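Here's my_file21.txt, which has compact mmCIF, C-alpha atoms:
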```
# COMPACT_ATOMS: atom_id res chain seq x y z
CA MET A 24 -14.31 21.88 14.07
CA ARG A 25 -16.22 25.08 13.28
CA SER A 26 -18.78 25.26 10.49
CA ALA A 27 -17.67 26.66 7.13
CA LEU A 28 -16.80 30.33 6.79
CA VAL A 29 -18.28 31.99 3.71
CA CYS A 30 -16.87 34.84 1.63
CA GLU A 31 -19.48 36.82 -0.31
CA ALA A 32 -19.60 39.91 -2.52
CA GLY A 33 -22.77 41.49 -3.87
CA GLY A 34 -24.81 38.50 -2.75
CA VAL A 35 -22.55 36.06 -4.62
CA ARG A 36 -20.72 33.33 -2.71
CA LEU A 37 -17.07 33.43 -3.68
CA ALA A 38 -15.48 30.86 -1.39
CA GLU A 39 -16.02 28.66 1.62
CA ALA A 40 -13.39 27.81 4.23
CA VAL A 41 -13.20 24.97 6.72
CA LEU A 42 -10.69 24.33 9.46
CA THR A 43 -8.26 21.50 8.87
CA SER A 44 -6.27 21.94 12.08
CA ARG A 45 -7.48 22.23 15.66
CA LEU A 46 -4.61 24.65 16.29
CA ALA A 47 -5.99 27.13 13.74
CA GLY A 48 -9.31 27.04 15.55
CA ALA A 49 -7.74 28.44 18.71
CA GLY A 50 -7.75 32.00 17.36
CA ALA A 51 -10.53 34.36 16.37
CA ALA A 52 -12.15 33.56 13.04
CA PRO A 53 -12.01 36.30 10.39
CA ASP A 54 -15.21 38.20 9.67
CA PRO A 55 -16.11 37.21 6.10
CA HIS A 56 -18.85 39.84 5.87
CA GLY A 57 -16.87 42.83 7.07
CA PRO A 58 -15.10 45.32 4.80
CA PRO A 59 -11.58 44.49 3.58
CA ARG A 60 -9.21 45.23 6.43
CA LEU A 61 -6.21 45.68 4.19
CA SER A 62 -4.36 48.76 3.15
CA ARG A 63 -4.68 49.17 -0.58
CA PHE A 64 -0.90 49.41 -0.67
CA ALA A 65 -0.14 46.38 1.52
CA VAL A 66 2.00 43.91 -0.42
CA LEU A 67 0.77 40.30 -0.34
CA ARG A 68 1.59 37.00 -2.01
CA LEU A 69 0.55 33.38 -1.69
CA SER A 70 2.03 31.50 1.22
CA ARG A 71 4.74 29.15 -0.02
CA PHE A 72 3.03 26.40 1.99
CA ALA A 73 -0.26 26.84 0.12
CA ALA A 74 -1.35 24.41 -2.59
CA LEU A 75 -4.13 24.55 -5.16
CA ARG A 76 -5.64 21.17 -6.03
CA ARG A 77 -8.82 19.39 -7.07
CA HIS A 78 -11.13 18.35 -4.24
CA GLY A 79 -14.34 16.76 -5.48
CA GLU A 80 -15.74 19.01 -8.21
CA HIS A 81 -14.00 22.19 -7.08
CA LEU A 82 -10.52 23.61 -6.73
CA VAL A 83 -9.36 24.23 -3.19
CA LEU A 84 -6.56 26.36 -1.77
CA GLU A 85 -5.11 24.83 1.36
CA SER A 86 -2.20 25.20 3.74
CA PRO A 87 -1.31 23.07 6.77
CA VAL A 88 0.39 26.11 8.28
CA ALA A 89 -2.72 28.26 8.01
CA GLY A 90 -4.90 25.29 8.98
CA TYR A 91 -7.68 26.11 6.50
CA ARG A 92 -9.00 24.66 3.25
CA VAL A 93 -10.76 27.19 0.99
CA THR A 94 -13.10 25.98 -1.73
CA LEU A 95 -13.19 28.35 -4.69
CA LEU A 96 -16.71 28.65 -6.06
CA ARG A 97 -15.88 30.72 -9.15
CA PRO A 98 -13.41 29.41 -11.77
CA ARG A 99 -12.35 32.97 -12.62
CA ASP A 100 -10.71 33.39 -9.21
CA VAL A 101 -7.97 30.97 -10.21
CA VAL A 102 -6.64 33.86 -12.30
CA LEU A 103 -6.51 36.00 -9.16
CA LEU A 104 -4.49 33.32 -7.37
CA SER A 105 -2.06 33.07 -10.27
CA LEU A 106 -1.43 36.80 -9.98
CA LEU A 107 -0.57 36.31 -6.30
CA ALA A 108 2.37 34.05 -7.15
CA ARG A 109 4.16 37.41 -7.29
CA PRO A 110 3.97 40.14 -4.64
CA ARG A 111 0.97 42.41 -5.34
CA THR A 112 -0.86 45.26 -3.67
CA LEU A 113 -4.65 45.25 -3.46
CA THR A 114 -4.66 48.19 -5.87
CA GLU A 115 -2.65 46.21 -8.42
CA LEU A 116 -4.90 43.18 -8.06
CA GLN A 117 -8.07 45.21 -8.59
CA GLU A 118 -6.56 46.66 -11.75
CA LEU A 119 -5.41 43.28 -13.07
CA ALA A 120 -8.55 41.40 -12.02
CA PRO A 121 -11.31 44.04 -12.05
CA ASP A 122 -14.19 42.37 -10.24
CA GLN A 123 -16.29 43.27 -7.21
CA GLY A 124 -15.11 40.04 -5.55
CA THR A 125 -11.39 40.77 -5.75
CA GLY A 126 -11.13 42.89 -2.60
CA PRO A 127 -13.31 40.69 -0.38
CA LEU A 128 -11.63 37.47 -1.52
CA VAL A 129 -8.12 38.85 -1.02
CA ALA A 130 -9.07 40.05 2.47
CA PHE A 131 -10.66 36.69 3.21
CA LEU A 132 -7.58 34.71 2.16
CA ALA A 133 -5.24 37.08 3.99
CA GLY A 134 -7.32 36.74 7.15
CA LEU A 135 -7.00 32.97 6.97
CA GLY A 136 -3.23 33.11 6.51
CA LEU A 137 -3.18 31.81 2.94
CA LEU A 138 -1.83 35.16 1.76
CA VAL A 139 1.12 36.57 3.66
CA PRO A 140 2.88 39.96 3.78
CA ALA A 141 5.80 40.39 1.38
CA ALA A 142 8.72 42.79 1.40
CA ALA A 143 9.79 44.89 -1.58
CA ASN A 144 12.13 42.09 -2.68
CA GLY A 145 9.27 39.59 -2.61
CA LEU A 146 10.43 37.67 0.45
CA THR A 147 7.95 36.85 3.20
CA PRO A 148 8.39 36.07 6.90
CA GLU A 149 8.02 32.40 5.89
CA ASP A 150 11.15 32.78 3.79
CA LEU A 151 13.21 34.65 6.36
CA GLU A 152 12.22 33.77 9.91
CA PRO A 153 12.49 30.43 11.75
CA PRO A 154 10.80 28.12 12.28
CA ALA A 155 8.97 28.47 8.94
CA ALA A 156 12.15 29.47 7.06
CA LEU A 157 13.76 26.15 8.06
CA ARG A 158 10.91 24.01 6.72
CA GLU A 159 10.18 22.76 3.21
CA PHE A 160 6.78 22.54 1.56
CA HIS A 161 6.64 18.76 1.16
CA ASP A 162 7.93 18.04 4.68
CA VAL A 163 5.32 20.29 6.28
CA TRP A 164 2.51 18.75 4.25
CA ALA A 165 3.61 15.15 4.84
CA HIS A 166 3.80 15.72 8.59
CA ALA A 167 0.48 17.51 8.91
CA LEU A 168 -1.48 15.10 6.74
CA SER A 169 -0.41 12.11 8.81
CA ARG A 170 -1.00 13.56 12.30
CA THR A 171 -4.28 13.74 14.18
CA GLY A 172 -5.27 17.32 14.98
CA LEU A 173 -3.33 18.81 12.07
CA THR A 174 -5.65 17.42 9.39
CA ASP A 175 -9.38 16.87 9.07
CA THR A 176 -8.97 13.72 6.98
CA ARG A 177 -9.45 10.20 8.30
CA LEU A 178 -6.36 8.47 9.69
CA GLY A 179 -5.74 4.88 10.66
CA GLY A 180 -6.71 1.35 9.76
CA THR A 181 -9.96 2.00 7.90
CA ASN A 182 -9.66 -0.82 5.32
CA ARG A 183 -11.34 1.56 2.90
CA PHE A 184 -10.68 -0.60 -0.17
CA ASP A 185 -12.35 -3.69 1.27
CA GLY A 186 -14.87 -4.89 -1.30
CA ARG A 187 -13.48 -2.56 -3.98
CA HIS A 188 -9.98 -3.89 -4.63
CA PRO A 189 -8.33 -7.14 -3.52
CA ARG A 190 -5.84 -6.86 -0.69
CA PRO A 191 -2.28 -7.01 -2.06
CA PRO A 192 -0.73 -10.38 -1.14
CA ALA A 193 1.58 -10.77 1.83
CA LEU A 194 4.33 -12.14 -0.41
CA ARG A 195 5.37 -10.54 -3.66
CA ALA A 196 4.85 -12.52 -6.83
CA ASP A 197 8.01 -14.24 -8.01
CA ALA A 198 10.06 -12.52 -10.67
CA PRO A 199 11.50 -14.53 -13.57
CA GLY A 200 14.84 -16.09 -12.76
CA GLU A 201 16.18 -19.19 -11.06
CA PRO A 202 16.42 -18.67 -7.27
CA ILE A 203 19.87 -18.91 -5.71
CA ALA A 204 19.94 -20.85 -2.46
CA LEU A 205 21.62 -19.05 0.42
CA ALA A 206 23.72 -20.77 3.08
CA GLU A 207 21.85 -22.15 6.05
CA VAL A 208 22.23 -20.27 9.31
CA ASP A 209 22.79 -21.92 12.68
CA LEU A 210 20.46 -19.91 14.89
CA ASP A 211 21.44 -21.90 17.99
CA ARG A 212 25.05 -20.86 17.47
CA LEU A 213 24.02 -17.21 17.18
CA ARG A 214 22.01 -17.43 20.38
CA ARG A 215 25.01 -18.95 22.15
CA ASP A 216 27.87 -16.87 20.76
CA ASP A 217 26.41 -13.45 19.90
CA PRO A 218 27.50 -10.41 21.93
CA THR A 219 24.87 -8.86 24.18
CA LEU A 220 22.42 -6.25 22.88
CA THR A 221 24.00 -3.68 25.17
CA ASP A 222 27.45 -4.41 23.75
CA VAL A 223 26.21 -4.21 20.16
CA MET A 224 24.35 -0.93 20.72
CA GLU A 225 27.38 0.63 22.39
CA ARG A 226 29.71 -0.42 19.54
CA ARG A 227 27.45 0.40 16.61
CA ARG A 228 28.85 3.03 14.28
CA SER A 229 28.14 4.07 10.70
CA VAL A 230 31.14 2.75 8.76
CA ARG A 231 31.79 4.60 5.49
CA THR A 232 34.95 2.83 4.33
CA PHE A 233 35.26 -0.85 3.51
CA GLY A 234 37.88 -3.57 3.48
CA ARG A 235 39.66 -4.86 0.39
CA ARG A 236 38.34 -8.37 0.84
CA PRO A 237 34.82 -8.80 -0.61
CA ILE A 238 32.01 -9.53 1.78
CA PRO A 239 31.34 -13.31 1.76
CA ALA A 240 27.98 -14.58 0.49
CA ASP A 241 27.39 -16.63 3.63
CA ARG A 242 27.65 -13.43 5.68
CA LEU A 243 24.98 -11.80 3.53
CA SER A 244 22.89 -14.92 4.06
CA GLU A 245 23.26 -14.61 7.83
CA LEU A 246 22.45 -10.88 7.79
CA LEU A 247 19.24 -11.44 5.82
CA HIS A 248 18.30 -14.40 8.02
CA ARG A 249 18.74 -12.32 11.16
CA VAL A 250 16.57 -9.43 9.92
CA ALA A 251 14.30 -10.33 7.03
CA ARG A 252 13.24 -13.97 7.10
CA ILE A 253 9.65 -15.04 7.72
CA THR A 254 9.22 -16.57 11.16
CA GLY A 255 5.46 -17.15 11.09
CA VAL A 256 2.02 -15.83 10.20
CA GLY A 257 0.22 -13.34 12.43
CA HIS A 258 -3.48 -12.49 12.77
CA ASP A 259 -3.38 -10.08 9.82
CA GLY A 260 0.00 -10.52 8.20
CA LEU A 261 3.47 -11.99 8.49
CA LEU A 262 5.86 -12.33 11.39
CA ARG A 263 9.53 -11.42 10.94
CA PRO A 264 12.37 -10.59 13.32
CA VAL A 265 11.57 -6.87 12.87
CA PRO A 266 8.17 -5.30 13.62
CA SER A 267 6.00 -3.75 10.90
CA ALA A 268 2.83 -1.69 11.16
CA GLY A 269 -0.13 -4.04 11.15
CA GLY A 270 2.13 -6.96 10.27
CA MET A 271 1.94 -5.81 6.64
CA HIS A 272 5.69 -6.11 5.95
CA GLU A 273 5.41 -4.20 2.70
CA LEU A 274 9.18 -3.82 2.41
CA GLU A 275 11.10 -5.90 -0.11
CA TYR A 276 14.87 -6.40 0.15
CA TYR A 277 17.09 -5.92 -2.91
CA LEU A 278 20.86 -6.37 -3.11
CA ALA A 279 22.95 -4.37 -5.58
CA VAL A 280 26.16 -6.37 -5.52
CA ARG A 281 29.47 -4.86 -6.64
CA THR A 282 31.78 -7.43 -5.11
CA CYS A 283 30.87 -10.47 -3.05
CA ASP A 284 32.77 -13.71 -2.48
CA GLY A 285 30.40 -16.39 -3.78
CA LEU A 286 27.88 -14.17 -5.54
CA ALA A 287 28.24 -12.60 -9.00
CA PRO A 288 27.84 -8.83 -9.40
CA GLY A 289 24.27 -7.85 -10.19
CA LEU A 290 20.88 -7.07 -8.69
CA TYR A 291 18.99 -9.58 -6.56
CA ARG A 292 15.72 -9.67 -4.62
CA TYR A 293 15.58 -11.56 -1.34
CA ARG A 294 12.81 -14.17 -1.19
CA PRO A 295 12.09 -14.63 2.52
CA ALA A 296 9.76 -17.62 2.22
CA ASP A 297 12.62 -19.98 1.32
CA HIS A 298 15.69 -17.82 2.08
CA THR A 299 16.86 -17.46 -1.52
CA LEU A 300 17.92 -14.68 -3.88
CA VAL A 301 16.20 -14.06 -7.21
CA PRO A 302 18.45 -12.39 -9.80
CA PHE A 303 17.22 -9.44 -11.87
CA PRO A 304 18.59 -8.89 -15.39
CA ALA A 305 19.54 -5.30 -14.52
CA ASP A 306 21.59 -3.29 -16.98
CA VAL A 307 25.08 -2.30 -15.86
CA THR A 308 24.32 1.44 -16.04
CA SER A 309 21.45 1.24 -13.53
CA LEU A 310 23.49 -0.95 -11.19
CA VAL A 311 26.42 1.47 -11.32
CA ARG A 312 24.08 4.38 -10.58
CA ILE A 313 22.73 2.67 -7.48
CA LEU A 314 26.25 1.99 -6.20
CA ASP A 315 27.57 5.42 -7.18
CA HIS A 316 24.71 7.19 -5.40
CA ALA A 317 25.55 5.24 -2.24
CA HIS A 318 29.20 6.27 -2.62
CA ARG A 319 28.23 9.95 -2.92
CA ALA A 320 25.68 9.72 -0.10
CA MET A 321 28.54 8.72 2.21
CA GLY A 322 30.54 11.77 1.18
CA GLY A 323 32.65 9.91 -1.37
CA THR A 324 34.65 8.13 1.35
CA GLY A 325 34.17 4.58 0.11
CA VAL A 326 32.40 2.36 -2.39
CA PRO A 327 30.21 -0.27 -0.72
CA HIS A 328 30.54 -3.92 -1.60
CA VAL A 329 26.75 -4.24 -1.54
CA VAL A 330 23.86 -1.78 -1.34
CA LEU A 331 20.81 -3.17 0.44
CA THR A 332 17.75 -1.37 -0.92
CA LEU A 333 14.40 -1.44 0.84
CA ALA A 334 11.51 -1.06 -1.60
CA ALA A 335 7.91 -0.61 -0.53
CA ARG A 336 4.91 -2.28 -2.11
CA PHE A 337 2.76 0.74 -1.31
CA GLY A 338 -0.61 -0.90 -1.81
CA ARG A 339 0.12 -3.39 0.95
CA GLN A 340 -0.04 -0.56 3.53
CA SER A 341 -2.48 1.82 1.85
CA TRP A 342 -5.13 -0.91 1.41
CA LYS A 343 -5.43 -1.06 5.20
CA TYR A 344 -4.25 2.33 6.43
CA GLU A 345 -5.65 5.69 5.39
CA GLY A 346 -3.70 8.93 5.60
CA ILE A 347 -0.70 7.40 7.36
CA SER A 348 0.45 4.62 5.03
CA TYR A 349 3.61 6.33 3.74
CA ALA A 350 4.48 7.61 7.21
CA LEU A 351 4.22 4.01 8.44
CA THR A 352 6.42 2.80 5.58
CA LEU A 353 9.17 5.26 6.52
CA LYS A 354 8.92 4.18 10.16
CA ASN A 355 9.11 0.54 9.10
CA ALA A 356 12.18 1.32 6.98
CA GLY A 357 13.85 3.02 9.93
CA VAL A 358 13.23 -0.04 12.09
CA VAL A 359 14.85 -2.27 9.45
CA MET A 360 17.83 0.05 9.03
CA GLU A 361 18.54 -0.05 12.76
CA ALA A 362 18.13 -3.84 12.84
CA VAL A 363 20.56 -4.26 9.92
CA CYS A 364 23.13 -2.00 11.58
CA LEU A 365 22.90 -3.87 14.89
CA ALA A 366 23.12 -7.26 13.16
CA ALA A 367 26.09 -6.09 11.10
CA THR A 368 27.84 -4.87 14.25
CA ALA A 369 27.28 -8.22 15.96
CA MET A 370 28.70 -9.97 12.87
CA GLY A 371 31.74 -7.74 12.45
CA LEU A 372 30.53 -6.20 9.18
CA ALA A 373 30.56 -2.59 8.00
CA ALA A 374 27.17 -0.94 7.56
CA CYS A 375 26.08 2.62 6.88
CA PRO A 376 22.43 3.73 6.57
CA LEU A 377 22.12 6.23 3.72
CA GLY A 378 20.16 9.47 3.64
CA GLY A 379 18.85 8.96 0.10
CA GLY A 380 18.91 6.81 -2.99
CA ASP A 381 18.28 6.88 -6.73
CA SER A 382 14.72 5.64 -7.19
CA ALA A 383 14.85 6.20 -10.94
CA ALA A 384 17.87 3.91 -11.23
CA PHE A 385 16.07 1.33 -9.12
CA ALA A 386 12.95 1.53 -11.30
CA THR A 387 15.04 1.17 -14.45
CA ALA A 388 16.97 -1.76 -13.01
CA THR A 389 13.90 -3.67 -11.85
CA GLY A 390 11.32 -2.57 -14.42
CA LEU A 391 8.89 -1.82 -11.57
CA ASP A 392 6.27 0.91 -11.66
CA PRO A 393 7.25 3.43 -8.91
CA LEU A 394 3.57 4.00 -8.19
CA GLU A 395 3.30 0.36 -7.18
CA GLU A 396 6.74 -0.40 -5.73
CA SER A 397 9.71 1.92 -5.26
CA SER A 398 12.88 2.19 -3.22
CA VAL A 399 12.50 4.07 0.07
CA ALA A 400 15.74 3.39 1.96
CA GLU A 401 19.29 2.12 1.39
CA ILE A 402 22.09 0.69 3.52
CA ALA A 403 25.71 0.33 2.39
CA LEU A 404 27.36 -2.95 3.37
CA GLY A 405 30.83 -4.44 3.20
CA SER A 406 33.69 -5.98 5.13
CA LEU A 407 35.34 -3.88 7.81
CA PRO A 408 38.48 -2.03 6.72
CA GLY A 409 41.72 -3.57 7.91
CA ARG A 410 40.04 -6.77 8.98
CA GLU A 411 40.41 -10.22 7.40
CA GLU A 412 37.14 -12.11 7.37
CA THR A 413 37.29 -15.68 8.61
```

Hey, can you dump this file as structure tokens for me?
Amino acid sequence: MRSALVCEAGGVRLAEAVLTSRLAGAGAAPDPHGPPRLSRFAVLRLSRFAALRRHGEHLVLESPVAGYRVTLLRPRDVVLLSLLARPRTLTELQELAPDQGTGPLVAFLAGLGLLVPAAANGLTPEDLEPPAALREFHDVWAHALSRTGLTDTRLGGTNRFDGRHPRPPALRADAPGEPIALAEVDLDRLRRDDPTLTDVMERRRSVRTFGRRPIPADRLSELLHRVARITGVGHDGLLRPVPSAGGMHELEYYLAVRTCDGLAPGLYRYRPADHTLVPFPADVTSLVRILDHAHRAMGGTGVPHVVLTLAARFGRQSWKYEGISYALTLKNAGVVMEAVCLAATAMGLAACPLGGGDSAAFATATGLDPLEESSVAEIALGSLPGREET
């Protein structure tokens, strides 16, 4: 990474910029001491990928697309940035923010790519032209901040909270409620009678309609046993049938049950240590919202018998991993979703991974703080349409 670039005017330091991406460093650095290289009538506005935030004791303007982080050294220049939320010419800006630093700072930010050209209607190339036009602010940031070379922050298993905060436990503390024992599963029978992995992968499909007969509770028991049970303890975490980054297994399994033969409607958390379900006293409205969102996420084609929600205990990952903890959680959730779909296919059940869920309804139903634990993925489950379960 190059040393910081400095923007000055009249001997006063206005801003400092550092590279955050190795890709940005491939081009020529702007000359912070040269005269403004902008037409006074060029129309500029803030990049829609730029963000202003606190960094230490200063405000910084940063964009993963530009690949620079600019530290603002004068509080007054925040006013200048607010003016650039709309398209402005340099002449307009110097009239609205009359200061000897306005021209040099605007030129500096434009040279770094944090200000971009705008048309008369206010649209920029980022709004109109692929690939930037196809990307959203939060997606671009989340990707860049979790990938080496696109960020200058530390990434990986740094254990940065060691000695400052206790490591979150491998198993979640029990919630109030009497556990409900699930049916035992004959693993030897599954090993003997299951179809091959190749057969299951070839037959797997997302099923968005469900049979009239409710899914039996013993089938839910088998599905959870196949995917989510604890099989042992590893060097730094738990062992389960599915892999998890660092063995952290931060994902908790919740069942929003609409109809199930042998299990009353309601919300339950799976307790993997003893293969039981713990009921939550969820209100009907929150439960209906979880189920209704799943119905709409599948295009309104069917109402699932059960929605399996994966919720992350975020601290479990972020205690160990820096910069990549949420990216790892989403990868872990994807692994579980595939495992559930393959297990459901082998069992003759209907399963459909969903593109989104109602985290507010989940928080209301469980009473959990979303900053600590929140839903991150959902899978609709049920019996297959036109098939009698035996």

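Coordinates place atom CA of Pro376 of chain A at a distance of 14.1 Å from atom CA of Leu278 of chain A.
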
Once you count all atoms listed in the file, which residues end up no further than 6 Å from (-18.0, 31.5, 0.9) in the file's frame, shown as a PDB file with C-alpha atoms, in the frame of the given file?
```
ATOM      1  CA  VAL A  29     -18.280  31.990   3.710  1.00  0.00           C
ATOM      2  CA  CYS A  30     -16.870  34.840   1.630  1.00  0.00           C
ATOM      3  CA  GLU A  31     -19.480  36.820  -0.310  1.00  0.00           C
ATOM      4  CA  ARG A  36     -20.720  33.330  -2.710  1.00  0.00           C
ATOM      5  CA  LEU A  37     -17.070  33.430  -3.680  1.00  0.00           C
ATOM      6  CA  ALA A  38     -15.480  30.860  -1.390  1.00  0.00           C
ATOM      7  CA  GLU A  39     -16.020  28.660   1.620  1.00  0.00           C
TER       8      GLU A  39
END
```

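Around Asn355 of chain A, within 9 Å and counting all atoms listed in the file, the residues found are Val265, Pro266, Ser267, Ala268, His272, Glu273, Leu274, Ala350 and Met360 of chain A, once anything fewer than 5 positions away on its own chain is removed.
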
Could you list, as a PyMOL selection string, every residue within 8 Å of segment 87-104 of chain A, counting all atoms listed in the file and ignoring same-chain residues fewer than 3 positions away?
chain A and resi 36-47+69+72-73+81-84+107-108+116+120+125+135-137+163-164+167-168+173-174

Restricting the output to C-alpha atoms, write the selected residues as a PDB file, keeping the file's coordinate frame.
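This is the output file out_22.pdb:
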```pdb
ATOM      1  CA  ARG A  36     -20.720  33.330  -2.710  1.00  0.00           C
ATOM      2  CA  LEU A  37     -17.070  33.430  -3.680  1.00  0.00           C
ATOM      3  CA  ALA A  38     -15.480  30.860  -1.390  1.00  0.00           C
ATOM      4  CA  GLU A  39     -16.020  28.660   1.620  1.00  0.00           C
ATOM      5  CA  ALA A  40     -13.390  27.810   4.230  1.00  0.00           C
ATOM      6  CA  VAL A  41     -13.200  24.970   6.720  1.00  0.00           C
ATOM      7  CA  LEU A  42     -10.690  24.330   9.460  1.00  0.00           C
ATOM      8  CA  THR A  43      -8.260  21.500   8.870  1.00  0.00           C
ATOM      9  CA  SER A  44      -6.270  21.940  12.080  1.00  0.00           C
ATOM     10  CA  ARG A  45      -7.480  22.230  15.660  1.00  0.00           C
ATOM     11  CA  LEU A  46      -4.610  24.650  16.290  1.00  0.00           C
ATOM     12  CA  ALA A  47      -5.990  27.130  13.740  1.00  0.00           C
ATOM     13  CA  LEU A  69       0.550  33.380  -1.690  1.00  0.00           C
ATOM     14  CA  PHE A  72       3.030  26.400   1.990  1.00  0.00           C
ATOM     15  CA  ALA A  73      -0.260  26.840   0.120  1.00  0.00           C
ATOM     16  CA  HIS A  81     -14.000  22.190  -7.080  1.00  0.00           C
ATOM     17  CA  LEU A  82     -10.520  23.610  -6.730  1.00  0.00           C
ATOM     18  CA  VAL A  83      -9.360  24.230  -3.190  1.00  0.00           C
ATOM     19  CA  LEU A  84      -6.560  26.360  -1.770  1.00  0.00           C
ATOM     20  CA  LEU A 107      -0.570  36.310  -6.300  1.00  0.00           C
ATOM     21  CA  ALA A 108       2.370  34.050  -7.150  1.00  0.00           C
ATOM     22  CA  LEU A 116      -4.900  43.180  -8.060  1.00  0.00           C
ATOM     23  CA  ALA A 120      -8.550  41.400 -12.020  1.00  0.00           C
ATOM     24  CA  THR A 125     -11.390  40.770  -5.750  1.00  0.00           C
ATOM     25  CA  LEU A 135      -7.000  32.970   6.970  1.00  0.00           C
ATOM     26  CA  GLY A 136      -3.230  33.110   6.510  1.00  0.00           C
ATOM     27  CA  LEU A 137      -3.180  31.810   2.940  1.00  0.00           C
ATOM     28  CA  VAL A 163       5.320  20.290   6.280  1.00  0.00           C
ATOM     29  CA  TRP A 164       2.510  18.750   4.250  1.00  0.00           C
ATOM     30  CA  ALA A 167       0.480  17.510   8.910  1.00  0.00           C
ATOM     31  CA  LEU A 168      -1.480  15.100   6.740  1.00  0.00           C
ATOM     32  CA  LEU A 173      -3.330  18.810  12.070  1.00  0.00           C
ATOM     33  CA  THR A 174      -5.650  17.420   9.390  1.00  0.00           C
TER      34      THR A 174
END
```

Could you pull out every residue with an atom within 7 Å of (32.8, -4.7, -0.4), file coordinates, counting all atoms listed in the file, and send them as a PyMOL selection string?
chain A and resi 233-238+282-283+327-329+404-406

I'd like the neighbourhood of segment 378-388 of chain A as a tab-separated table (two decimals) with C-alpha atoms, in the frame of the given file, where a residue qualifies if any of its atoms comes within 12 Å (using only C-alpha atoms), though same-chain residues fewer than 5 positions away should be ignored.
```
chain	number	residue	atom	x	y	z
A	229	SER	CA	28.14	4.07	10.70
A	277	TYR	CA	17.09	-5.92	-2.91
A	278	LEU	CA	20.86	-6.37	-3.11
A	279	ALA	CA	22.95	-4.37	-5.58
A	289	GLY	CA	24.27	-7.85	-10.19
A	290	LEU	CA	20.88	-7.07	-8.69
A	291	TYR	CA	18.99	-9.58	-6.56
A	292	ARG	CA	15.72	-9.67	-4.62
A	302	PRO	CA	18.45	-12.39	-9.80
A	303	PHE	CA	17.22	-9.44	-11.87
A	304	PRO	CA	18.59	-8.89	-15.39
A	305	ALA	CA	19.54	-5.30	-14.52
A	306	ASP	CA	21.59	-3.29	-16.98
A	307	VAL	CA	25.08	-2.30	-15.86
A	308	THR	CA	24.32	1.44	-16.04
A	309	SER	CA	21.45	1.24	-13.53
A	310	LEU	CA	23.49	-0.95	-11.19
A	311	VAL	CA	26.42	1.47	-11.32
A	312	ARG	CA	24.08	4.38	-10.58
A	313	ILE	CA	22.73	2.67	-7.48
A	314	LEU	CA	26.25	1.99	-6.20
A	315	ASP	CA	27.57	5.42	-7.18
A	316	HIS	CA	24.71	7.19	-5.40
A	317	ALA	CA	25.55	5.24	-2.24
A	318	HIS	CA	29.20	6.27	-2.62
A	319	ARG	CA	28.23	9.95	-2.92
A	320	ALA	CA	25.68	9.72	-0.10
A	321	MET	CA	28.54	8.72	2.21
A	322	GLY	CA	30.54	11.77	1.18
A	330	VAL	CA	23.86	-1.78	-1.34
A	331	LEU	CA	20.81	-3.17	0.44
A	332	THR	CA	17.75	-1.37	-0.92
A	333	LEU	CA	14.40	-1.44	0.84
A	334	ALA	CA	11.51	-1.06	-1.60
A	335	ALA	CA	7.91	-0.61	-0.53
A	356	ALA	CA	12.18	1.32	6.98
A	357	GLY	CA	13.85	3.02	9.93
A	360	MET	CA	17.83	0.05	9.03
A	393	PRO	CA	7.25	3.43	-8.91
A	394	LEU	CA	3.57	4.00	-8.19
A	395	GLU	CA	3.30	0.36	-7.18
A	396	GLU	CA	6.74	-0.40	-5.73
A	397	SER	CA	9.71	1.92	-5.26
A	398	SER	CA	12.88	2.19	-3.22
A	399	VAL	CA	12.50	4.07	0.07
A	400	ALA	CA	15.74	3.39	1.96
A	401	GLU	CA	19.29	2.12	1.39
A	402	ILE	CA	22.09	0.69	3.52
A	403	ALA	CA	25.71	0.33	2.39
```

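The spacing separating atom CA of Glu80 of chain A from atom CA of Leu67 of chain A amounts to 28.1 Å.
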
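The spacing separating atom CA of Val256 of chain A from atom CA of Ala367 of chain A amounts to 26.0 Å.
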
Might you pull out every residue within 8 Å of Thr368 of chain A, with all atoms listed in the file counted and same-chain residues fewer than 6 positions away left off, and present them as a list in words?
Val223, Arg226, Arg227, Arg228 and Ala374 of chain A

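If all atoms listed in the file are the atoms counted, then among A:Ala198, A:Thr352, A:Arg339, A:Ser105 the closest residue to Leu391 of chain A is A:Ala198.
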
Spatial neighbours of Gly34 of chain A, max dist 12 Å, only C-alpha atoms, sep filter under 5 positions, as a PyMOL selection string:
chain A and resi 29+56+123-124+127

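Minimum distance to Arg252 of chain A across A:Met224, A:Leu106, A:Leu205, A:Ala155 (counting all atoms listed in the file) occurs at A:Leu205.
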
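Among A:Pro264, A:Pro191, A:Gly180, A:Pro148, the residue with the shortest atom-to-atom distance to Leu351 of chain A, counting all atoms listed in the file, is A:Gly180.
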